[in-house]
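Novice: Structure below; questions to follow.
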Amino acid sequence: MTPETPGSGSTVRRILLGSQLRRLREQKGVTRQDAGYVIRASESKISRLELGRVSFKERDVDDLLTLYGVGDKTERDALLQLAREANTPGWWHRYNDVLPGWFQTYVGLEESAALIRTYELQFVPGLLQSEGYARAVIRLGNAGAAENEIDQRVELRLQRQERLTGAEAPRLWAVVDEGALRRPIGGPEVMRGQFEHLIEMSKLPNVTIQVMPFRFGGHAAEGGAFTILRFPEQDLPDVVYVENLTGAMYLDKRDDVDTYLQAMERLCVDSATPERTVELLGDLLRET
């Protein structure tokens with residue numbers, strides 16, 4: 001999976017609907033070319049629809065369901081409702097003016113994930129950043145930005161964090177390299193606030209934080225930071241998110257995901273335990 005600028009719909013619902021349409025097409029033995037002909041589109045458009053990379057027209061979904069022989073009203077209505085929901089803007093779209101298209105995709109996936117596993121090498125993960133630390137990091141990456149743009153970016157990051165304490169909070173398991181904690185971002189006061197915030201966040205029942213200490217040396221994820229997202233819908237594969245300076249990759253092929261899952265498992269085994277991590281954070285707080 002590679003990034004495309006998303007439309008206004010829910011990324012996860014698009015992927016889910018696309019996978020169900022692909023299953024129905026294959027069960028019926030219909031080629032992508034024939035499916036494309038029915039909705040006046042190309043074979044490649046059907047491929048993009050089935051991967052959830054483009055938005056759906058409800059009329060096209062209705063025509064495809066007829067082609068695939070879906071006559072049960074309950075099943076049809078459920079899939080057409082999913083198509084309507086896939087075109088409903090998420091709360092994060094009001095930040096479009098400061099949010100790159102490739103990151104909109106990530107926020108949509110993160111919003112729907114049941115399990116978020118992340119490894120960070122350079123900074124504290126965004127979902128665990130204090131407001132002061134987040135502001136300092138965002139200023140570093142947007143040196144020429146106006147203050148109101150910085151405020152919007154900080155607000156977006158803090159709003160993403162709200163889901164961790166909501167009614168259907170995801171499980172967050174974060175491994176943070178010790179280098180990220182010892183890098184002085186924003187000065188001593190900001191770092192003290194960040195250490196205190198991490199200690200408080202570690203008390204949440206759905207949050208696990210581990211530190212990969214310097215003393216361990218080389219480890220399984222020296223290639224850099226990454227995040228693995230798992231969804232409650234069984235039809236959806238895990239997605240690995242890898243960010244760079246100008247964009248991101250979204251990987252969902254089984255072999256790719258398995259490689260990152262193995263690296264994450266190794267990181268969790270080799271890192272300080274959650275209990276020892278809280279002690280390390282306390283030490284850093286006293287040192288700052």
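Note on naming: chains are A, B, ... as they come in the structure tokens, residues start from 1 per chain, ligands start from 1 in the order shown.
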Need the shell around Thr208 of chain A: protein/DNA/RNA residues with any atom at most 7 Å away, counting only C-alpha atoms. Skip same-chain ones fewer than 2 positions apart. Format as JSON, numbers by chain?
Specialist: {"A": [172, 173, 174, 202, 206, 210, 274]}
Novice: Those same residues, written as a PDB file, in the first residue's frame with C-alpha atoms?
Specialist:
ATOM      1  CA  LEU A 172      -1.115   1.874  22.936  1.00  0.00           C
ATOM      2  CA  TRP A 173       2.221   0.095  23.308  1.00  0.00           C
ATOM      3  CA  ALA A 174       5.166   2.433  22.784  1.00  0.00           C
ATOM      4  CA  SER A 202       2.028   4.949  31.976  1.00  0.00           C
ATOM      5  CA  ASN A 206      -4.465   0.780  28.050  1.00  0.00           C
ATOM      6  CA  GLN A 210       9.084   0.847  27.453  1.00  0.00           C
ATOM      7  CA  PRO A 274       7.282  -1.065  31.919  1.00  0.00           C
TER       8      PRO A 274
END
Novice: Show me, as a short mmCIF file (atom, residue, chain, number, x, y, z; two decimals) with all heavy atoms, in the first residue's frame, the residues that have an atom within 8 Å of Gly108 of chain A when counting only C-alpha atoms, minus same-chain residues fewer than 5 positions from it.
Specialist:
data_model
loop_
_atom_site.label_atom_id
_atom_site.label_comp_id
_atom_site.auth_asym_id
_atom_site.auth_seq_id
_atom_site.Cartn_x
_atom_site.Cartn_y
_atom_site.Cartn_z
N SER A 10 -13.80 8.33 5.49
CA SER A 10 -13.06 7.57 6.48
C SER A 10 -12.15 6.58 5.78
O SER A 10 -12.62 5.73 5.01
CB SER A 10 -14.03 6.83 7.40
OG SER A 10 -13.38 5.78 8.06
N THR A 11 -10.87 6.65 6.07
CA THR A 11 -9.90 5.77 5.43
C THR A 11 -10.21 4.31 5.70
O THR A 11 -10.21 3.48 4.80
CB THR A 11 -8.48 6.10 5.93
OG1 THR A 11 -8.23 7.48 5.72
CG2 THR A 11 -7.44 5.28 5.20
N VAL A 12 -10.47 4.00 6.96
CA VAL A 12 -10.71 2.61 7.33
C VAL A 12 -11.98 2.07 6.69
O VAL A 12 -12.02 0.95 6.20
CB VAL A 12 -10.76 2.46 8.86
CG1 VAL A 12 -11.24 1.09 9.27
CG2 VAL A 12 -9.38 2.70 9.45
N GLY A 90 -13.95 13.12 8.57
CA GLY A 90 -13.56 12.94 9.96
C GLY A 90 -13.26 14.28 10.62
O GLY A 90 -13.08 15.29 9.93
N TRP A 92 -10.67 15.45 11.84
CA TRP A 92 -9.34 16.00 11.53
C TRP A 92 -9.32 16.79 10.23
O TRP A 92 -8.36 17.52 9.96
CB TRP A 92 -8.32 14.86 11.46
CG TRP A 92 -8.65 13.78 10.50
CD1 TRP A 92 -8.27 13.68 9.19
CD2 TRP A 92 -9.47 12.64 10.78
NE1 TRP A 92 -8.81 12.56 8.62
CE2 TRP A 92 -9.54 11.89 9.57
CE3 TRP A 92 -10.15 12.17 11.89
CZ2 TRP A 92 -10.27 10.70 9.48
CZ3 TRP A 92 -10.86 10.99 11.79
CH2 TRP A 92 -10.92 10.27 10.62
#
Novice: Would you list the contacts of Val176 of chain A as number ranges by chain, taking every protein, DNA or RNA residue within 9 Å and counting only C-alpha atoms, but skipping same-chain residues closer than 6 positions in sequence?
Specialist: A: 118-125, 209-213, 271
Novice: Which one is closest to Ser55 of chain A: A:Ala83, A:Val175, A:Val70, A:Ala78? Count only C-alpha atoms.
Specialist: A:Ala83
Novice: Near Ala113 of chain A, counting only C-alpha atoms, which residues have an atom at most 8 Å away, once you skip same-chain residues fewer than 5 positions from it, shown as an MDAnalysis selection string?
Specialist: chainID A and resid 170 229:232
Novice: Return as CSV the residues of segment 168-250 of chain A lying at most 9 Å from segment 129-146 of chain A, together with the closest atom-to-atom pair for each and the distance in Å to one decimal, counting only C-alpha atoms, with rows in chain order and ascending residue number.
Specialist:
residue,atom,partner,partner_atom,distance
A:Ile185,CA,A:Ala136,CA,6.5
A:Gly186,CA,A:Ala136,CA,5.3
A:Glu189,CA,A:Gly132,CA,8.9
A:Val190,CA,A:Gly132,CA,5.7
A:Met191,CA,A:Tyr133,CA,7.0
A:Gly193,CA,A:Ser130,CA,6.9
A:Gln194,CA,A:Ser130,CA,5.4
A:Phe195,CA,A:Ser130,CA,8.8
A:Glu196,CA,A:Ser130,CA,8.9
A:His197,CA,A:Ser130,CA,6.1
A:Leu198,CA,A:Gln129,CA,7.8
Novice: Smallest atom-to-atom distance to Ala263 of chain A: which of A:Thr246, A:Ala225, A:Leu285, A:Leu280, using only C-alpha atoms?
Specialist: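 Checking each candidate against Ala263 of chain A, we get A:Ala225 as the closest.
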Novice: Could you find all residues in segment 90-136 of chain A that DSSP calls strand (DSSP E) from the backbone, and write them as a PyMOL selection string?
Specialist: chain A and resi 115-120
Novice: Considering only helix (DSSP H, G or I) as DSSP defines it on the backbone, what residues of segment 38-237 of chain A qualify? List them as JSON, numbers by chain.
Specialist: {"A": [38, 43, 44, 45, 46, 47, 48, 49, 50, 58, 59, 60, 61, 62, 63, 64, 65, 66, 67, 73, 74, 75, 76, 77, 78, 79, 80, 81, 82, 83, 84, 85, 86, 91, 92, 93, 94, 95, 101, 102, 103, 104, 105, 106, 107, 108, 109, 110, 111, 112, 126, 127, 128, 131, 132, 133, 134, 135, 136, 137, 138, 139, 140, 141, 147, 148, 149, 150, 151, 152, 153, 154, 155, 156, 157, 158, 159, 160, 161, 162, 163, 164, 165, 178, 179, 180, 181, 182, 188, 189, 190, 191, 192, 193, 194, 195, 196, 197, 198, 199, 200, 201, 214, 215, 216]}
Novice: Please list as a PyMOL selection string every residue within 9 Å of Leu79 of chain A, counting only C-alpha atoms and excluding residues in the same chain fewer than 6 positions away.
Specialist: chain A and resi 17+20-21+61-62+65
Novice: Would you please work out which residue, of A:Ala180, A:Ile39, A:Leu245, A:Leu16, is nearest to Arg59 of chain A when using only C-alpha atoms?
Specialist: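 Checking each of A:Ala180, A:Ile39, A:Leu245, A:Leu16 against Arg59 of chain A, counting only C-alpha atoms, the winner is A:Ile39.
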Novice: Return the single residue from A:Thr31, A:Ser19, A:Thr273, A:Thr165 that is closest to Gly52 of chain A, with distances computed using only C-alpha atoms.
Specialist: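 Nearest to Gly52 of chain A: A:Ser19.
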Novice: Using only C-alpha atoms, which residues sit within 10 Å of Arg32 of chain A once same-chain residues fewer than 4 positions away are excluded, as an mmCIF file with N, CA, C and O atoms, in the first residue's frame?
Specialist:
data_model
loop_
_atom_site.group_PDB
_atom_site.id
_atom_site.type_symbol
_atom_site.label_atom_id
_atom_site.label_comp_id
_atom_site.auth_asym_id
_atom_site.auth_seq_id
_atom_site.Cartn_x
_atom_site.Cartn_y
_atom_site.Cartn_z
ATOM 1 N N ARG A 22 -14.141 -6.612 -3.165
ATOM 2 C CA ARG A 22 -13.197 -7.526 -3.826
ATOM 3 C C ARG A 22 -13.591 -8.987 -3.575
ATOM 4 O O ARG A 22 -13.587 -9.812 -4.492
ATOM 5 N N ARG A 25 -16.634 -9.833 -5.677
ATOM 6 C CA ARG A 25 -16.280 -9.950 -7.101
ATOM 7 C C ARG A 25 -15.605 -11.292 -7.379
ATOM 8 O O ARG A 25 -15.926 -11.979 -8.370
ATOM 9 N N GLU A 26 -14.655 -11.652 -6.506
ATOM 10 C CA GLU A 26 -13.925 -12.902 -6.707
ATOM 11 C C GLU A 26 -14.838 -14.117 -6.547
ATOM 12 O O GLU A 26 -14.702 -15.104 -7.282
ATOM 13 N N GLY A 36 -15.215 -2.817 -14.020
ATOM 14 C CA GLY A 36 -14.977 -1.444 -14.422
ATOM 15 C C GLY A 36 -15.930 -0.995 -15.526
ATOM 16 O O GLY A 36 -16.424 0.139 -15.522
ATOM 17 N N TYR A 37 -16.224 -1.904 -16.460
ATOM 18 C CA TYR A 37 -17.130 -1.566 -17.569
ATOM 19 C C TYR A 37 -18.512 -1.191 -17.044
ATOM 20 O O TYR A 37 -19.144 -0.245 -17.533
ATOM 21 N N ALA A 41 -15.672 2.726 -15.656
ATOM 22 C CA ALA A 41 -14.343 3.022 -15.102
ATOM 23 C C ALA A 41 -13.341 2.004 -15.625
ATOM 24 O O ALA A 41 -13.714 0.985 -16.211
ATOM 25 N N SER A 42 -12.074 2.283 -15.403
ATOM 26 C CA SER A 42 -11.014 1.396 -15.868
ATOM 27 C C SER A 42 -10.765 0.261 -14.872
ATOM 28 O O SER A 42 -11.218 0.302 -13.723
ATOM 29 N N GLU A 43 -10.038 -0.729 -15.316
ATOM 30 C CA GLU A 43 -9.641 -1.836 -14.448
ATOM 31 C C GLU A 43 -8.811 -1.324 -13.270
ATOM 32 O O GLU A 43 -8.970 -1.769 -12.139
ATOM 33 N N SER A 44 -7.942 -0.342 -13.536
ATOM 34 C CA SER A 44 -7.103 0.206 -12.462
ATOM 35 C C SER A 44 -7.940 0.960 -11.432
ATOM 36 O O SER A 44 -7.612 0.973 -10.235
ATOM 37 N N LYS A 45 -9.052 1.573 -11.869
ATOM 38 C CA LYS A 45 -9.942 2.259 -10.921
ATOM 39 C C LYS A 45 -10.580 1.238 -9.975
ATOM 40 O O LYS A 45 -10.692 1.485 -8.762
ATOM 41 N N ILE A 46 -10.987 0.086 -10.498
ATOM 42 C CA ILE A 46 -11.534 -0.964 -9.641
ATOM 43 C C ILE A 46 -10.483 -1.422 -8.635
ATOM 44 O O ILE A 46 -10.782 -1.630 -7.450
ATOM 45 N N SER A 47 -9.247 -1.548 -9.080
ATOM 46 C CA SER A 47 -8.171 -1.952 -8.181
ATOM 47 C C SER A 47 -7.996 -0.943 -7.054
ATOM 48 O O SER A 47 -7.868 -1.311 -5.881
ATOM 49 N N GLU A 50 -10.916 -1.193 -4.588
ATOM 50 C CA GLU A 50 -10.827 -2.376 -3.735
ATOM 51 C C GLU A 50 -9.733 -2.259 -2.683
ATOM 52 O O GLU A 50 -9.792 -2.920 -1.647
#
